[in-house]
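*Asks:* Can you read through this structure? Questions will come right after.
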Amino acid sequence: MNIEQILASLSLEQKVGQMFVVRRPQDDEIAMQAVTDYHIGGFTLYAVDFVNRTPDELRALLKSYQEASPVPMFIAVDEEGGTVVRASKYPAFRESPFLQPRDLIAAGGMDAVYADACEKSDFLLDLGINFNYAPVCDMSGDPNCFIFKRTASHDPTVTAQYIENVVRGMQEHHMIGSLKHFPGYGDNVDTHTQIAHDDRDMQTFLSCDLAPFRAGIAAGAPVVMVAHNMVTCMDPDVPASLSPAVHKLLREQMGFEGLIMTDSLDMNAITLYTGDRASAVQAVLSGNDLLCCSSYQKQYPAVLDAVRDGTIPMEMIDNAVRRILALKATIPV
């Protein structure tokens, strides 16, 4: 896969489409149009895409998308284990759901974490899924907090060890993963429903929250997903996912060279902040390579227009798509 040749062969419309990983439309015809007309880079699957389907039916559906796309697609899912399992929650796909991180560590320590990551990767790849939005790098010590059950520990050392083992297992089994939610969620409110303000100081992030991300980056994680929290010490006015300052921290201070992606741009923390404005334009200008959303029919033309009128430099699009194509070159055929 010659990245530069493929990049040169793509139209502007195809390049912009590659930056979108969108929720799979439930209407099969609309889903296929997303592939052929919007040239999207990938689909995100949710529980509804697994319920009332057999594994063979899902494999056939996902294969049809890959065959219709001239560039390999990301087929992504949130299969963290525990409270967030899209596929393994259904007996047709697995006898029992994958365990949440804390239960996994309690049952068998880091050996169990590594084995689980390997098994989960093989399980997903067998279905035609090549991208798991995991592992969760966030830390929480408050059982009442939204993110708590999805975290491995409140201890940065334990969490960093957990992340290193998950990333290693995923990498060895050819599963794309994403470290989330940068720069660390903390005990904040749910950004699915409201705007979250994080007033912790920078030293807290440097000594605690960033440690699991450092471990994941060192282990070779190819993607980092950025949260929607407004982190006062980094950028008090803009959600992290739309903040150039947060992305600069990730690139320059953390030394991350892979893909940066947004959490879903349809979450209330973003829609309440941006109003009717298309958030994807600001997301690209901030430094995101992948745009996670459902509202691609609104966001995609907005990005196209912004490139055409010079708001978004063409170089930014090319650099993002170059990184996307490089990662797609690693997808097992």
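A note on labels: chains of the structure tokens are A, B, ... as shown, every chain counts residues from 1, and ligands are counted from 1 in their shown order.
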What are the closest atom pairs, with distances in Å to one decimal, for all residues of stretch 256-302 of chain A lying within 10 Å of stretch 171-182 of chain A? Consider only C-alpha atoms, order rows by chain and residue number, and present the result as a tab-separated table.

*Replies:*
```
residue	atom	partner	partner_atom	distance
A:Leu259	CA	A:Ser178	CA	8.9
A:Ile260	CA	A:Ser178	CA	8.9
A:Met261	CA	A:Ser178	CA	8.6
A:Thr262	CA	A:His181	CA	9.2
A:Asp263	CA	A:His181	CA	7.8
```

*Asks:* Please produce a file of the residues just selected, as a short mmCIF file (atom, residue, chain, number, x, y, z; two decimals), in the first residue's frame, where the atoms kept are all heavy atoms.

*Replies:*
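Written file, selection-v6.cif:
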```
data_model
loop_
_atom_site.label_atom_id
_atom_site.label_comp_id
_atom_site.auth_asym_id
_atom_site.auth_seq_id
_atom_site.Cartn_x
_atom_site.Cartn_y
_atom_site.Cartn_z
N LEU A 259 -2.80 8.84 15.25
CA LEU A 259 -4.05 9.52 14.93
C LEU A 259 -4.69 10.09 16.19
O LEU A 259 -4.76 9.40 17.21
CB LEU A 259 -5.04 8.54 14.30
CG LEU A 259 -4.79 8.07 12.86
CD1 LEU A 259 -5.86 7.08 12.46
CD2 LEU A 259 -4.78 9.24 11.91
N ILE A 260 -5.17 11.31 16.09
CA ILE A 260 -5.97 11.91 17.16
C ILE A 260 -7.41 11.94 16.68
O ILE A 260 -7.70 12.38 15.57
CB ILE A 260 -5.50 13.32 17.51
CG1 ILE A 260 -4.02 13.32 17.93
CG2 ILE A 260 -6.36 13.91 18.61
CD1 ILE A 260 -3.47 14.71 18.22
N MET A 261 -8.32 11.48 17.53
CA MET A 261 -9.73 11.49 17.15
C MET A 261 -10.57 12.13 18.24
O MET A 261 -10.19 12.13 19.42
CB MET A 261 -10.23 10.07 16.86
CG MET A 261 -10.46 9.18 18.05
SD MET A 261 -11.06 7.53 17.55
CE MET A 261 -12.63 7.92 16.77
N THR A 262 -11.72 12.65 17.83
CA THR A 262 -12.66 13.22 18.78
C THR A 262 -13.49 12.11 19.41
O THR A 262 -13.70 11.06 18.81
CB THR A 262 -13.63 14.19 18.10
OG1 THR A 262 -14.50 13.46 17.23
CG2 THR A 262 -12.89 15.26 17.31
N ASP A 263 -13.98 12.35 20.61
CA ASP A 263 -15.12 11.59 21.08
C ASP A 263 -16.30 12.05 20.21
O ASP A 263 -16.16 12.96 19.39
CB ASP A 263 -15.36 11.87 22.57
CG ASP A 263 -16.08 10.73 23.28
OD1 ASP A 263 -16.69 9.88 22.60
OD2 ASP A 263 -16.04 10.69 24.52
#
```

*Asks:* Please provide as a ChimeraX atom specification all residues within 12 Å of stretch 295-303 of chain A, with the sequence filter that same-chain residues fewer than 6 positions apart are discarded (counting only C-alpha atoms).

*Replies:* /A:12-25,30-31,33-35,37-43,264-267,271,276-285,309-314,316-317

*Asks:* When you count only C-alpha atoms, which of these residues is closest to A:Asp122: A:Pro332, A:Ala320, A:Leu290, A:Leu304?

*Replies:*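 Of the candidates, the smallest distance to A:Asp122 is held by A:Pro332.
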
*Asks:* So that I can see what lies close to A:Phe148, please list as a list in words the residues with an atom at most 9 Å from it, counting only C-alpha atoms and leaving out residues fewer than 5 positions away in the same chain.

*Replies:*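 Contacts, in chain order: Asp138, Met139, Ser140, Gly141, Asp142, Pro143, Ser153, His154, Gly186 and Asp187 of chain A.
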
*Asks:* Taking only stretch 214-330 of chain A into account, list the residues labelled alpha helix (DSSP H) by DSSP (computed from the backbone), as a PyMOL selection string.

*Replies:* chain A and resi 214-218+244-248+268-274+279-286+296-308+314-328

*Asks:* Would you save the residues of that selection, restricted to N, CA and C atoms, as a short mmCIF file (atom, residue, chain, number, x, y, z; two decimals), in the first residue's frame?

*Replies:*
```
data_model
loop_
_atom_site.label_atom_id
_atom_site.label_comp_id
_atom_site.auth_asym_id
_atom_site.auth_seq_id
_atom_site.Cartn_x
_atom_site.Cartn_y
_atom_site.Cartn_z
N ARG A 214 0.85 8.11 28.75
CA ARG A 214 2.28 7.93 28.44
C ARG A 214 2.60 6.44 28.25
N ALA A 215 2.05 5.61 29.14
CA ALA A 215 2.31 4.17 29.05
C ALA A 215 1.75 3.60 27.76
N GLY A 216 0.56 4.03 27.38
CA GLY A 216 -0.06 3.53 26.16
C GLY A 216 0.67 3.97 24.92
N ILE A 217 1.11 5.23 24.91
CA ILE A 217 1.87 5.74 23.76
C ILE A 217 3.19 4.99 23.64
N ALA A 218 3.87 4.76 24.77
CA ALA A 218 5.14 4.04 24.75
C ALA A 218 4.96 2.60 24.26
N PRO A 244 -6.98 23.62 20.34
CA PRO A 244 -5.62 23.48 19.80
C PRO A 244 -4.58 23.29 20.90
N ALA A 245 -4.78 23.92 22.05
CA ALA A 245 -3.81 23.82 23.14
C ALA A 245 -3.70 22.39 23.65
N VAL A 246 -4.82 21.70 23.77
CA VAL A 246 -4.81 20.30 24.24
C VAL A 246 -4.13 19.41 23.21
N HIS A 247 -4.40 19.64 21.95
CA HIS A 247 -3.78 18.83 20.90
C HIS A 247 -2.28 19.10 20.80
N LYS A 248 -1.88 20.36 21.04
CA LYS A 248 -0.45 20.69 21.06
C LYS A 248 0.25 19.95 22.20
N ASN A 268 -23.82 15.96 24.08
CA ASN A 268 -24.35 17.27 24.49
C ASN A 268 -23.27 18.27 24.89
N ALA A 269 -22.13 17.78 25.40
CA ALA A 269 -21.06 18.69 25.77
C ALA A 269 -20.56 19.49 24.57
N ILE A 270 -20.73 18.94 23.37
CA ILE A 270 -20.33 19.64 22.15
C ILE A 270 -21.50 20.39 21.54
N THR A 271 -22.65 19.75 21.43
CA THR A 271 -23.79 20.43 20.79
C THR A 271 -24.26 21.63 21.61
N LEU A 272 -24.19 21.53 22.94
CA LEU A 272 -24.55 22.67 23.78
C LEU A 272 -23.53 23.80 23.64
N TYR A 273 -22.27 23.44 23.38
CA TYR A 273 -21.21 24.43 23.23
C TYR A 273 -21.26 25.11 21.85
N THR A 274 -21.46 24.32 20.80
CA THR A 274 -21.39 24.86 19.43
C THR A 274 -22.72 25.34 18.90
N SER A 279 -19.51 21.37 14.29
CA SER A 279 -18.34 21.26 15.17
C SER A 279 -17.15 20.63 14.48
N ALA A 280 -17.37 19.89 13.39
CA ALA A 280 -16.28 19.18 12.73
C ALA A 280 -15.23 20.14 12.17
N VAL A 281 -15.65 21.32 11.74
CA VAL A 281 -14.68 22.28 11.21
C VAL A 281 -13.69 22.69 12.30
N GLN A 282 -14.21 23.03 13.46
CA GLN A 282 -13.33 23.40 14.58
C GLN A 282 -12.49 22.20 15.02
N ALA A 283 -13.07 21.01 14.95
CA ALA A 283 -12.33 19.80 15.33
C ALA A 283 -11.12 19.58 14.43
N VAL A 284 -11.29 19.81 13.14
CA VAL A 284 -10.16 19.65 12.21
C VAL A 284 -9.11 20.73 12.48
N LEU A 285 -9.54 21.96 12.63
CA LEU A 285 -8.60 23.06 12.87
C LEU A 285 -7.85 22.88 14.18
N SER A 286 -8.44 22.18 15.12
CA SER A 286 -7.79 21.95 16.41
C SER A 286 -6.70 20.89 16.34
N TYR A 296 -23.02 13.11 10.12
CA TYR A 296 -22.08 13.32 9.02
C TYR A 296 -22.72 14.07 7.84
N GLN A 297 -24.04 13.93 7.67
CA GLN A 297 -24.70 14.60 6.55
C GLN A 297 -24.65 16.12 6.72
N LYS A 298 -24.47 16.59 7.93
CA LYS A 298 -24.29 18.02 8.22
C LYS A 298 -22.81 18.37 8.32
N GLN A 299 -22.04 17.53 8.98
CA GLN A 299 -20.65 17.84 9.27
C GLN A 299 -19.74 17.73 8.05
N TYR A 300 -19.96 16.70 7.23
CA TYR A 300 -19.12 16.46 6.05
C TYR A 300 -19.14 17.64 5.07
N PRO A 301 -20.32 18.13 4.63
CA PRO A 301 -20.31 19.28 3.72
C PRO A 301 -19.73 20.54 4.35
N ALA A 302 -19.86 20.69 5.67
CA ALA A 302 -19.29 21.85 6.34
C ALA A 302 -17.77 21.83 6.26
N VAL A 303 -17.16 20.67 6.43
CA VAL A 303 -15.71 20.56 6.31
C VAL A 303 -15.28 20.79 4.87
N LEU A 304 -16.00 20.21 3.92
CA LEU A 304 -15.69 20.43 2.50
C LEU A 304 -15.69 21.92 2.17
N ASP A 305 -16.74 22.62 2.58
CA ASP A 305 -16.84 24.05 2.31
C ASP A 305 -15.69 24.82 2.96
N ALA A 306 -15.31 24.41 4.16
CA ALA A 306 -14.23 25.10 4.87
C ALA A 306 -12.88 24.91 4.18
N VAL A 307 -12.68 23.77 3.55
CA VAL A 307 -11.45 23.55 2.77
C VAL A 307 -11.50 24.39 1.50
N ARG A 308 -12.63 24.38 0.86
CA ARG A 308 -12.77 25.11 -0.41
C ARG A 308 -12.61 26.61 -0.25
N MET A 314 -5.44 22.94 3.02
CA MET A 314 -5.39 21.63 2.39
C MET A 314 -4.32 20.74 3.01
N GLU A 315 -3.25 21.38 3.47
CA GLU A 315 -2.15 20.63 4.09
C GLU A 315 -2.62 19.87 5.33
N MET A 316 -3.55 20.46 6.08
CA MET A 316 -4.07 19.79 7.28
C MET A 316 -4.84 18.53 6.89
N ILE A 317 -5.62 18.63 5.83
CA ILE A 317 -6.38 17.47 5.36
C ILE A 317 -5.44 16.38 4.88
N ASP A 318 -4.46 16.76 4.07
CA ASP A 318 -3.51 15.77 3.55
C ASP A 318 -2.74 15.08 4.67
N ASN A 319 -2.29 15.84 5.66
CA ASN A 319 -1.54 15.24 6.76
C ASN A 319 -2.41 14.27 7.55
N ALA A 320 -3.66 14.65 7.78
CA ALA A 320 -4.56 13.76 8.51
C ALA A 320 -4.82 12.47 7.72
N VAL A 321 -5.10 12.61 6.44
CA VAL A 321 -5.42 11.44 5.62
C VAL A 321 -4.19 10.56 5.45
N ARG A 322 -3.04 11.17 5.39
CA ARG A 322 -1.79 10.39 5.31
C ARG A 322 -1.65 9.50 6.54
N ARG A 323 -1.94 10.04 7.71
CA ARG A 323 -1.87 9.23 8.94
C ARG A 323 -2.95 8.14 8.94
N ILE A 324 -4.13 8.48 8.44
CA ILE A 324 -5.23 7.50 8.37
C ILE A 324 -4.86 6.35 7.45
N LEU A 325 -4.34 6.66 6.29
CA LEU A 325 -3.98 5.61 5.33
C LEU A 325 -2.85 4.73 5.87
N ALA A 326 -1.91 5.34 6.58
CA ALA A 326 -0.82 4.56 7.15
C ALA A 326 -1.34 3.54 8.17
N LEU A 327 -2.33 3.96 8.97
CA LEU A 327 -2.89 3.03 9.94
C LEU A 327 -3.75 1.96 9.24
N LYS A 328 -4.46 2.37 8.23
CA LYS A 328 -5.29 1.40 7.49
C LYS A 328 -4.44 0.34 6.79
#
```

*Asks:* I'd like the contact shell of stretch 84-97 of chain A - 10 Å cut-off, only C-alpha atoms, skipping same-chain residues fewer than 3 positions apart - returned as an MDAnalysis selection string.

*Replies:* chainID A and resid 45:56 77:81 100 120 123:124 127 149:150

*Asks:* How would the residues just picked look written out with N, CA and C atoms as a PDB file, in the first residue's frame?

*Replies:*
```
ATOM      1  N   LEU A  45     -20.037   0.715  15.338  1.00  0.00           N
ATOM      2  CA  LEU A  45     -21.169  -0.165  15.623  1.00  0.00           C
ATOM      3  C   LEU A  45     -21.601  -0.006  17.080  1.00  0.00           C
ATOM      4  N   TYR A  46     -22.904  -0.093  17.292  1.00  0.00           N
ATOM      5  CA  TYR A  46     -23.475  -0.044  18.644  1.00  0.00           C
ATOM      6  C   TYR A  46     -24.247  -1.337  18.896  1.00  0.00           C
ATOM      7  N   ALA A  47     -24.794  -1.458  20.091  1.00  0.00           N
ATOM      8  CA  ALA A  47     -25.487  -2.692  20.460  1.00  0.00           C
ATOM      9  C   ALA A  47     -26.580  -3.053  19.461  1.00  0.00           C
ATOM     10  N   VAL A  48     -27.267  -2.045  18.941  1.00  0.00           N
ATOM     11  CA  VAL A  48     -28.362  -2.289  18.001  1.00  0.00           C
ATOM     12  C   VAL A  48     -27.880  -2.996  16.736  1.00  0.00           C
ATOM     13  N   ASP A  49     -26.602  -2.896  16.426  1.00  0.00           N
ATOM     14  CA  ASP A  49     -26.068  -3.559  15.241  1.00  0.00           C
ATOM     15  C   ASP A  49     -25.805  -5.047  15.467  1.00  0.00           C
ATOM     16  N   PHE A  50     -25.864  -5.482  16.728  1.00  0.00           N
ATOM     17  CA  PHE A  50     -25.623  -6.886  17.055  1.00  0.00           C
ATOM     18  C   PHE A  50     -26.905  -7.628  17.427  1.00  0.00           C
ATOM     19  N   VAL A  51     -27.837  -6.935  18.042  1.00  0.00           N
ATOM     20  CA  VAL A  51     -29.059  -7.584  18.511  1.00  0.00           C
ATOM     21  C   VAL A  51     -29.849  -8.138  17.318  1.00  0.00           C
ATOM     22  N   ASN A  52     -30.391  -9.323  17.499  1.00  0.00           N
ATOM     23  CA  ASN A  52     -31.195  -9.984  16.465  1.00  0.00           C
ATOM     24  C   ASN A  52     -30.408 -10.311  15.201  1.00  0.00           C
ATOM     25  N   ARG A  53     -29.072 -10.345  15.305  1.00  0.00           N
ATOM     26  CA  ARG A  53     -28.233 -10.793  14.192  1.00  0.00           C
ATOM     27  C   ARG A  53     -27.380 -11.977  14.645  1.00  0.00           C
ATOM     28  N   THR A  54     -27.033 -12.816  13.716  1.00  0.00           N
ATOM     29  CA  THR A  54     -26.069 -13.871  13.997  1.00  0.00           C
ATOM     30  C   THR A  54     -24.682 -13.357  13.623  1.00  0.00           C
ATOM     31  N   PRO A  55     -23.634 -13.989  14.141  1.00  0.00           N
ATOM     32  CA  PRO A  55     -22.289 -13.594  13.736  1.00  0.00           C
ATOM     33  C   PRO A  55     -22.081 -13.648  12.220  1.00  0.00           C
ATOM     34  N   ASP A  56     -22.615 -14.672  11.579  1.00  0.00           N
ATOM     35  CA  ASP A  56     -22.454 -14.781  10.123  1.00  0.00           C
ATOM     36  C   ASP A  56     -23.153 -13.644   9.389  1.00  0.00           C
ATOM     37  N   VAL A  77     -15.917  -0.296  17.356  1.00  0.00           N
ATOM     38  CA  VAL A  77     -16.895  -0.638  18.384  1.00  0.00           C
ATOM     39  C   VAL A  77     -16.319  -0.263  19.752  1.00  0.00           C
ATOM     40  N   ASP A  78     -17.205  -0.009  20.713  1.00  0.00           N
ATOM     41  CA  ASP A  78     -16.787   0.139  22.105  1.00  0.00           C
ATOM     42  C   ASP A  78     -16.957  -1.212  22.792  1.00  0.00           C
ATOM     43  N   GLU A  79     -15.889  -1.960  22.916  1.00  0.00           N
ATOM     44  CA  GLU A  79     -15.929  -3.252  23.610  1.00  0.00           C
ATOM     45  C   GLU A  79     -14.889  -3.189  24.718  1.00  0.00           C
ATOM     46  N   GLU A  80     -15.187  -2.377  25.732  1.00  0.00           N
ATOM     47  CA  GLU A  80     -14.243  -2.148  26.822  1.00  0.00           C
ATOM     48  C   GLU A  80     -14.207  -3.312  27.806  1.00  0.00           C
ATOM     49  N   GLY A  81     -15.382  -3.902  28.035  1.00  0.00           N
ATOM     50  CA  GLY A  81     -15.541  -4.892  29.093  1.00  0.00           C
ATOM     51  C   GLY A  81     -16.368  -4.302  30.221  1.00  0.00           C
ATOM     52  N   GLN A 100     -15.232  -6.188  33.269  1.00  0.00           N
ATOM     53  CA  GLN A 100     -14.758  -4.819  33.419  1.00  0.00           C
ATOM     54  C   GLN A 100     -13.332  -4.842  33.964  1.00  0.00           C
ATOM     55  N   LYS A 120     -10.090 -10.726  23.200  1.00  0.00           N
ATOM     56  CA  LYS A 120     -11.059  -9.738  22.708  1.00  0.00           C
ATOM     57  C   LYS A 120     -10.712  -9.307  21.290  1.00  0.00           C
ATOM     58  N   PHE A 123     -11.639 -12.083  18.921  1.00  0.00           N
ATOM     59  CA  PHE A 123     -13.103 -12.152  18.870  1.00  0.00           C
ATOM     60  C   PHE A 123     -13.659 -11.108  17.906  1.00  0.00           C
ATOM     61  N   LEU A 124     -13.174  -9.884  18.003  1.00  0.00           N
ATOM     62  CA  LEU A 124     -13.676  -8.810  17.153  1.00  0.00           C
ATOM     63  C   LEU A 124     -13.220  -8.963  15.711  1.00  0.00           C
ATOM     64  N   LEU A 127     -15.192 -11.176  13.530  1.00  0.00           N
ATOM     65  CA  LEU A 127     -16.483 -10.636  13.087  1.00  0.00           C
ATOM     66  C   LEU A 127     -16.327  -9.602  11.972  1.00  0.00           C
ATOM     67  N   LYS A 149     -16.913   2.732  36.869  1.00  0.00           N
ATOM     68  CA  LYS A 149     -16.978   1.315  36.518  1.00  0.00           C
ATOM     69  C   LYS A 149     -16.210   0.984  35.240  1.00  0.00           C
ATOM     70  N   ARG A 150     -15.831   2.002  34.504  1.00  0.00           N
ATOM     71  CA  ARG A 150     -15.085   1.777  33.259  1.00  0.00           C
ATOM     72  C   ARG A 150     -13.582   1.882  33.473  1.00  0.00           C
TER      73      ARG A 150
END
```

*Asks:* Do you have the atom CA of A:Pro212-atom CA of A:Thr151 distance handy?

*Replies:*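 We find that atom CA of A:Pro212 and atom CA of A:Thr151 lie 11.2 Å from each other.
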
*Asks:* Would you pick out the contacts of A:Ile6 at 9 Å or less, using only C-alpha atoms, so that residues sharing its chain but fewer than 4 positions from it are not included, and give the list as a list in words?

*Replies:*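 That gives Met1, Asn2, Leu10, Val71 and Leu325 of chain A.
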
*Asks:* Take the residues that were just selected and, keeping N, CA and C atoms, output them as a compact mmCIF listing (two decimals), in the first residue's frame.

*Replies:*
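Just written: out_28.txt:
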```txt
# COMPACT_ATOMS: atom_id res chain seq x y z
N MET A 1 0.86 -1.19 0.00
CA MET A 1 0.00 0.00 0.00
C MET A 1 0.89 1.23 0.00
N ASN A 2 1.02 1.89 -1.17
CA ASN A 2 1.84 3.09 -1.28
C ASN A 2 0.99 4.28 -0.85
N LEU A 10 -6.81 10.33 -4.49
CA LEU A 10 -8.08 10.65 -3.86
C LEU A 10 -8.52 12.08 -4.17
N VAL A 71 -11.10 2.25 -0.35
CA VAL A 71 -10.09 2.29 0.72
C VAL A 71 -10.61 1.45 1.88
N LEU A 325 -4.34 6.66 6.29
CA LEU A 325 -3.98 5.61 5.33
C LEU A 325 -2.85 4.73 5.87
```

*Asks:* At what distance in Å, to one decimal, does atom CA of A:Leu58 lie from atom CA of A:Ile129?

*Replies:* 9.8 Å

*Asks:* Check stretch 44-226 of chain A with DSSP on the backbone and list each residue it calls strand (DSSP E or B), as an MDAnalysis selection string.

*Replies:* chainID A and resid 44:45 74:77 79:81 84:85 131:132 136 176:182 197:198 223:226

*Asks:* Name all residues at most 10 Å from A:Ile163 (count only C-alpha atoms; drop same-chain ones fewer than 4 positions away) and give them as a list of chain:residue names.

*Replies:*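 After dropping sequence-adjacent residues, the list is A:Met110, A:Val113, A:Tyr114, A:Ala134, A:Pro135, A:Val136, A:Cys137, A:Ala152, A:Thr157, A:Val158, A:Thr159, A:Val167, A:Arg168, A:Gly169, A:Leu179, A:Ala211, A:Pro212, A:Phe213, A:Arg214, A:Ala215, A:Gly216, A:Ile217, A:Ala219, A:Ala221.
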
*Asks:* Could you tell me how far atom CA of A:Tyr133 lies from atom CA of A:Gln203, in Å and to one decimal?

*Replies:*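 Distance between the two atoms: 27.4 Å.
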
*Asks:* Considering only C-alpha atoms, state which residue in the set A:Ala227, A:Leu7, A:Met32, A:Ala240 is at the smallest distance from A:Ala68.

*Replies:*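 Checking each candidate against A:Ala68, we get A:Met32 as the closest.
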